[in-house]
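K.L.:
So that you have it, the file is data-v5.pdb, and it contains PDB, C-alpha atoms and all ligand atoms:
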ATOM      1  CA  MET A  66     -83.576 153.946-130.286
ATOM      2  CA  GLN A  67     -82.241 154.278-133.804
ATOM      3  CA  ILE A  68     -82.631 151.297-136.124
ATOM      4  CA  ILE A  69     -79.425 150.846-138.091
ATOM      5  CA  LYS A  70     -79.921 149.668-141.648
ATOM      6  CA  THR A  71     -77.795 146.540-141.880
ATOM      7  CA  VAL A  72     -75.950 146.246-145.146
ATOM      8  CA  THR A  73     -73.272 143.872-146.255
ATOM      9  CA  LEU A  74     -70.318 145.818-147.493
ATOM     10  CA  ASP A  75     -66.605 145.732-147.700
ATOM     11  CA  TYR A  76     -65.265 148.798-145.952
ATOM     12  CA  ARG A  77     -62.352 148.911-148.435
ATOM     13  CA  GLN A  78     -64.823 149.552-151.232
ATOM     14  CA  TYR A  79     -66.875 152.050-149.283
ATOM     15  CA  LEU A  80     -64.336 154.190-147.425
ATOM     16  CA  THR A  81     -61.755 156.143-149.387
ATOM     17  CA  GLU A  82     -58.077 155.353-149.085
ATOM     18  CA  LYS A  83     -57.582 158.707-147.343
ATOM     19  CA  GLU A  84     -60.323 157.961-144.810
ATOM     20  CA  ILE A  85     -58.871 154.531-144.087
ATOM     21  CA  LEU A  86     -55.355 155.936-143.695
ATOM     22  CA  GLU A  87     -56.550 158.662-141.331
ATOM     23  CA  ILE A  88     -58.546 156.170-139.259
ATOM     24  CA  GLU A  89     -55.648 153.722-139.121
ATOM     25  CA  HIS A  90     -53.444 156.563-137.885
ATOM     26  CA  GLU A  91     -55.875 157.169-135.016
ATOM     27  CA  VAL A  92     -55.953 153.428-134.298
ATOM     28  CA  SER A  93     -52.152 153.392-134.159
ATOM     29  CA  ILE A  94     -52.103 155.887-131.285
ATOM     30  CA  MET A  95     -54.896 154.221-129.287
ATOM     31  CA  GLU A  96     -54.667 151.236-127.019
ATOM     32  CA  THR A  97     -57.397 149.349-128.867
ATOM     33  CA  ARG A  98     -59.104 149.635-132.262
ATOM     34  CA  GLU A  99     -62.369 150.183-130.437
ATOM     35  CA  SER A 100     -60.976 153.317-128.751
ATOM     36  CA  ALA A 101     -60.652 155.021-132.113
ATOM     37  CA  GLY A 102     -64.437 154.996-132.622
ATOM     38  CA  ILE A 103     -65.173 158.653-132.037
ATOM     39  CA  GLU A 104     -62.152 159.836-134.017
ATOM     40  CA  ALA A 105     -63.068 157.536-136.897
ATOM     41  CA  LEU A 106     -66.603 158.941-136.936
ATOM     42  CA  LYS A 107     -65.238 162.495-136.938
ATOM     43  CA  ILE A 108     -62.881 161.685-139.815
ATOM     44  CA  VAL A 109     -65.625 160.288-142.038
ATOM     45  CA  GLN A 110     -68.000 163.083-141.087
ATOM     46  CA  HIS A 111     -65.306 165.605-141.964
ATOM     47  CA  HIS A 112     -65.101 164.129-145.468
ATOM     48  CA  ARG A 113     -68.790 163.388-146.045
ATOM     49  CA  GLY A 114     -70.646 165.889-143.885
ATOM     50  CA  TRP A 115     -72.572 163.296-141.871
ATOM     51  CA  ILE A 116     -72.573 159.630-140.866
ATOM     52  CA  SER A 117     -74.946 157.454-142.864
ATOM     53  CA  ASP A 118     -75.794 153.876-141.864
ATOM     54  CA  GLU A 119     -73.424 152.696-144.595
ATOM     55  CA  SER A 120     -70.610 154.847-143.182
ATOM     56  CA  LEU A 121     -71.318 153.592-139.677
ATOM     57  CA  ASN A 122     -71.255 149.963-140.791
ATOM     58  CA  ALA A 123     -68.049 150.452-142.763
ATOM     59  CA  ILE A 124     -66.262 152.153-139.856
ATOM     60  CA  ALA A 125     -67.445 149.435-137.480
ATOM     61  CA  GLN A 126     -66.110 146.776-139.824
ATOM     62  CA  LEU A 127     -62.760 148.561-140.110
ATOM     63  CA  LEU A 128     -62.490 148.817-136.319
ATOM     64  CA  ALA A 129     -63.667 145.224-135.830
ATOM     65  CA  ILE A 130     -66.530 146.243-133.534
ATOM     66  CA  SER A 131     -70.282 145.891-133.914
ATOM     67  CA  SER A 132     -72.362 148.582-135.607
ATOM     68  CA  ALA A 133     -74.542 148.774-132.490
ATOM     69  CA  GLN A 134     -71.488 149.498-130.374
ATOM     70  CA  LEU A 135     -70.373 152.269-132.707
ATOM     71  CA  GLU A 136     -73.898 153.654-132.886
ATOM     72  CA  GLY A 137     -73.771 154.009-129.108
ATOM     73  CA  VAL A 138     -70.675 156.181-129.480
ATOM     74  CA  ALA A 139     -72.251 158.243-132.276
ATOM     75  CA  THR A 140     -75.431 158.815-130.276
ATOM     76  CA  PHE A 141     -73.530 159.872-127.162
ATOM     77  CA  TYR A 142     -71.493 162.505-129.005
ATOM     78  CA  ASN A 143     -73.846 165.247-130.146
ATOM     79  CA  LEU A 144     -71.483 166.602-132.787
ATOM     80  CA  ILE A 145     -71.797 163.433-134.847
ATOM     81  CA  TYR A 146     -74.638 163.920-137.303
ATOM     82  CA  ARG A 147     -76.613 160.824-138.248
ATOM     83  CA  GLN A 148     -78.677 162.716-140.799
ATOM     84  CA  PRO A 149     -77.605 165.060-143.589
ATOM     85  CA  VAL A 150     -76.963 168.590-142.312
ATOM     86  CA  GLY A 151     -76.285 171.952-143.864
ATOM     87  CA  ARG A 152     -72.852 173.390-144.451
ATOM     88  CA  TYR A 153     -73.130 175.353-141.218
ATOM     89  CA  VAL A 154     -74.718 173.628-138.226
ATOM     90  CA  ILE A 155     -75.953 176.132-135.653
ATOM     91  CA  HIS A 156     -75.849 174.732-132.114
ATOM     92  CA  ILE A 157     -77.674 177.208-129.914
ATOM     93  CA  CYS A 158     -77.411 176.739-126.158
ATOM     94  CA  ASP A 159     -80.779 176.237-124.497
ATOM     95  CA  SER A 160     -79.545 175.832-120.927
ATOM     96  CA  ILE A 161     -80.440 178.022-117.975
ATOM     97  CA  SER A 162     -78.041 180.988-118.203
ATOM     98  CA  CYS A 163     -78.763 181.491-121.874
ATOM     99  CA  HIS A 164     -82.488 181.185-121.181
ATOM    100  CA  LEU A 165     -82.234 183.949-118.599
ATOM    101  CA  LEU A 166     -80.229 186.269-120.843
ATOM    102  CA  GLY A 167     -82.133 186.291-124.108
ATOM    103  CA  TYR A 168     -82.025 182.810-125.661
ATOM    104  CA  GLN A 169     -85.663 182.954-126.742
ATOM    105  CA  GLN A 170     -85.250 186.218-128.645
ATOM    106  CA  VAL A 171     -82.054 185.037-130.326
ATOM    107  CA  LEU A 172     -83.625 181.710-131.265
ATOM    108  CA  GLN A 173     -86.710 183.392-132.672
ATOM    109  CA  ALA A 174     -84.597 185.797-134.724
ATOM    110  CA  ILE A 175     -82.617 182.886-136.196
ATOM    111  CA  LYS A 176     -85.749 180.874-136.950
ATOM    112  CA  THR A 177     -87.442 183.825-138.598
ATOM    113  CA  HIS A 178     -84.378 184.867-140.564
ATOM    114  CA  LEU A 179     -83.676 181.386-141.907
ATOM    115  CA  GLY A 180     -87.273 180.132-142.077
ATOM    116  CA  ILE A 181     -86.420 176.881-140.292
ATOM    117  CA  ASP A 182     -87.183 175.248-136.949
ATOM    118  CA  TYR A 183     -85.061 172.988-134.767
ATOM    119  CA  GLY A 184     -83.833 169.949-136.656
ATOM    120  CA  GLN A 185     -84.407 171.517-140.060
ATOM    121  CA  THR A 186     -82.046 172.607-142.835
ATOM    122  CA  THR A 187     -82.522 175.609-145.115
ATOM    123  CA  ALA A 188     -83.560 174.823-148.688
ATOM    124  CA  ASP A 189     -80.178 176.004-149.993
ATOM    125  CA  GLY A 190     -78.435 173.480-147.739
ATOM    126  CA  LEU A 191     -76.494 176.196-145.944
ATOM    127  CA  PHE A 192     -77.796 176.040-142.364
ATOM    128  CA  THR A 193     -79.098 173.405-139.960
ATOM    129  CA  LEU A 194     -80.475 174.514-136.594
ATOM    130  CA  LEU A 195     -79.947 172.350-133.489
ATOM    131  CA  SER A 196     -80.304 172.939-129.762
ATOM    132  CA  ASN A 197     -77.422 172.212-127.434
ATOM    133  CA  VAL A 198     -76.914 171.839-123.726
ATOM    134  CA  CYS A 199     -74.575 174.298-121.995
ATOM    135  CA  LEU A 200     -71.695 175.306-124.250
ATOM    136  CA  GLY A 201     -69.544 176.399-121.322
ATOM    137  CA  GLY A 202     -69.913 180.144-121.804
ATOM    138  CA  CYS A 203     -72.598 180.781-119.180
ATOM    139  CA  ASP A 204     -71.060 184.099-118.092
ATOM    140  CA  LYS A 205     -71.173 185.254-121.711
ATOM    141  CA  ALA A 206     -74.700 184.099-122.535
ATOM    142  CA  PRO A 207     -76.487 183.752-124.847
ATOM    143  CA  VAL A 208     -74.116 181.526-126.783
ATOM    144  CA  MET A 209     -74.215 179.561-130.012
ATOM    145  CA  MET A 210     -71.623 177.450-131.787
ATOM    146  CA  ILE A 211     -71.118 177.098-135.528
ATOM    147  CA  GLY A 212     -68.272 174.847-136.620
ATOM    148  CA  GLN A 213     -65.270 175.590-134.419
ATOM    149  CA  GLN A 214     -66.550 179.002-133.352
ATOM    150  CA  HIS A 215     -68.425 180.023-130.230
ATOM    151  CA  TYR A 216     -70.423 183.242-130.570
ATOM    152  CA  GLU A 217     -71.042 184.877-127.204
ATOM    153  CA  HIS A 218     -73.040 187.816-125.808
ATOM    154  CA  LEU A 219     -75.545 187.342-128.592
ATOM    155  CA  THR A 220     -78.508 189.544-129.356
ATOM    156  CA  SER A 221     -81.076 188.989-132.090
ATOM    157  CA  GLU A 222     -79.328 191.571-134.272
ATOM    158  CA  LYS A 223     -75.873 190.075-133.736
ATOM    159  CA  ALA A 224     -77.104 186.559-134.521
ATOM    160  CA  VAL A 225     -78.692 187.701-137.782
ATOM    161  CA  ALA A 226     -75.535 189.637-138.720
ATOM    162  CA  ILE A 227     -73.418 186.516-138.085
ATOM    163  CA  LEU A 228     -75.683 184.434-140.312
ATOM    164  CA  ASN A 229     -75.589 187.076-143.026
ATOM    165  CA  GLY A 230     -71.793 187.095-142.797
ATOM    166  CA  LEU A 231     -71.767 183.357-143.359
ATOM    167  CA  ILE A 232     -74.179 183.640-146.279
ATOM    168  CA  GLN A 233     -71.891 186.208-147.897
ATOM    169  CA  SER A 234     -68.793 184.106-147.283
ATOM    170  CA  LYS A 235     -70.281 180.778-148.395
ATOM    171  CA  ASP A 236     -68.050 180.605-151.473
ATOM    172  CA  GLY A 237     -65.001 179.570-149.580
ATOM    173  CA  ASN A 238     -64.423 181.229-146.266
ATOM    174  CA  LEU A 239     -64.765 179.542-142.916
ATOM    175  CA  PRO A 240     -66.956 180.896-140.122
ATOM    176  CA  GLY A 241     -64.088 182.704-138.426
ATOM    177  CA  ASP A 242     -63.460 184.759-141.532
ATOM    178  CA  ILE A 243     -66.604 186.799-140.986
ATOM    179  CA  LEU A 244     -64.681 188.627-138.282
ATOM    180  CA  ASP A 245     -62.915 190.503-141.039
ATOM    181  CA  LYS A 246     -66.091 191.314-142.882
ATOM    182  CA  THR A 247     -68.768 191.941-140.320
ATOM    183  CA  ASP A 248     -68.501 193.970-137.182
ATOM    184  CA  VAL A 249     -71.319 192.252-135.337
ATOM    185  CA  GLY A 250     -70.225 193.140-131.829
ATOM    186  CA  ALA A 251     -70.484 189.556-130.588
ATOM    187  CA  THR A 252     -67.485 187.932-128.923
ATOM    188  CA  ILE A 253     -66.221 185.115-131.109
ATOM    189  CA  VAL A 254     -64.111 182.359-129.612
ATOM    190  CA  GLU A 255     -62.498 179.568-131.542
ATOM    191  CA  VAL A 256     -62.915 176.200-129.868
ATOM    192  CA  LYS A 257     -61.472 172.784-130.478
ATOM    193  CA  ASN A 258     -63.877 169.897-130.165
ATOM    194  CA  ASP A 259     -61.273 167.167-130.038
TER     195      ASP A 259
HETATM  196  S1  LIG B 301     -76.058 178.045-120.178
HETATM  197 FE1  LIG B 301     -75.616 178.654-122.213
HETATM  198  S2  LIG B 301     -73.442 178.512-122.277
HETATM  199 FE2  LIG B 301     -73.928 177.748-120.315
END
In structure tokens, write the structure found in this file.
Ligand code: FES
P.N.:
Amino acid sequence: MQIIKTVTLDYRQYLTEKEILEIEHEVSIMETRESAGIEALKIVQHHRGWISDESLNAIAQLLAISSAQLEGVATFYNLIYRQPVGRYVIHICDSISCHLLGYQQVLQAIKTHLGIDYGQTTADGLFTLLSNVCLGGCDKAPVMMIGQQHYEHLTSEKAVAILNGLIQSKDGNLPGDILDKTDVGATIVEVKND
């Protein structure tokens, strides 16, 4: 169980005006302030990259719920990062279909190419590698997700080409843009995590 660092803060001094406005918008379309928890976490993570204890406490204060309650939401949702992550977070599926169709080779190629293991971030801050339960593309395994993109029918070579495409496009393009630059042969599907 994660120990949340308790700090006394005023959320109005910690969260930006834009973050507060966006969270209040979500609150306005929910039945209760509490219901906006996951959306509020996603908003702050979108602006800051991850959810620190200070962010968690500030959001909880804004929503008038306890930090422990909000931590429960953050822990349940595996796309909320409670530690700093790289610009691109690689979620590679380690469930059964992907295991049977080449997950190990793809994972090893990614680890070797980036020089990181699960839970680690590259020294340049570009990539973090995480495992994920089934990503819903079992008939197109192996699958990984980076940002809003699912990459399907992966091989070791395709995975490395995708990463290289992201490295080359790091100065401004989003993951999907590598489609224009790199013919990697993997099926790429845009997903919405809302
Ligand atoms: S088992 Fe990997 S996507 Fe379902």
K.L.:
Since I can't run it myself right now, could you work out what the PyMOL selection byres (((chain A and resi 165-167) around 9) and not hetatm) selects here and report it as a PyMOL selection string?
P.N.:
chain A and resi 160-164+168-172+206-207+218-221
K.L.:
Given the PyMOL selection byres (((chain A and resi 184) around 12) and not hetatm) and the file above, list the residues it selects as JSON, numbers by chain.
P.N.:
{"A": [146, 147, 148, 149, 150, 151, 154, 155, 156, 157, 176, 181, 182, 183, 185, 186, 187, 192, 193, 194, 195, 196, 197]}
K.L.:
Could you tell me how far atom CA of His90 of chain A lies from atom CA of Asp75 of chain A, in Å and to one decimal?
P.N.:
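For atom CA of His90 of chain A relative to atom CA of Asp75 of chain A, the distance reads 19.7 Å.
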K.L.:
Could you list, as a ChimeraX atom specification, every residue matched by the PyMOL selection byres (((chain A and resi 95-104) around 12) and not hetatm) in this structure?
P.N.:
/A:84-85,87-94,105-111,116,121-145,258-259
K.L.:
Give me, please, the distance in Å between atom CA of His178 of chain A and atom CA of Cys203 of chain A, quoted to one decimal.
P.N.:
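According to the coordinates, atom CA of His178 of chain A and atom CA of Cys203 of chain A are separated by 24.8 Å.
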K.L.:
What is the atom CA of Leu228 of chain A to atom CA of Asp204 of chain A distance in Å?
P.N.:
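So the two atoms, atom CA of Leu228 of chain A and atom CA of Asp204 of chain A, lie 22.7 Å apart.
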K.L.:
Using only C-alpha atoms and all ligand atoms for the distances, tell me which of A:Leu179, A:Asp159, A:Ala224, A:Ile232 is nearest to ligand LIG 301 (chain B).
P.N.:
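So, comparing all the options, the nearest one is A:Asp159.
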K.L.:
Given all atoms listed in the file as the basis, pick out the residue of A:Leu86, A:Ala174, A:Leu74, A:Cys158 nearest to ligand LIG 301 (chain B).
P.N.:
A:Cys158
K.L.:
Looking at only C-alpha atoms, which of A:Gln173, A:Arg152, A:Gly114, A:Arg77 is the one that sits closest to Glu222 of chain A?
P.N.:
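Once distances to Glu222 of chain A are computed over only C-alpha atoms, the minimum belongs to A:Gln173.
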K.L.:
Here is a test: counting all atoms listed in the file, which residue of A:His215, A:Lys223, A:Gly201, A:Gln233 is nearest to ligand LIG 301 (chain B)?
P.N.:
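Under the stated criterion, the closest residue is A:Gly201.
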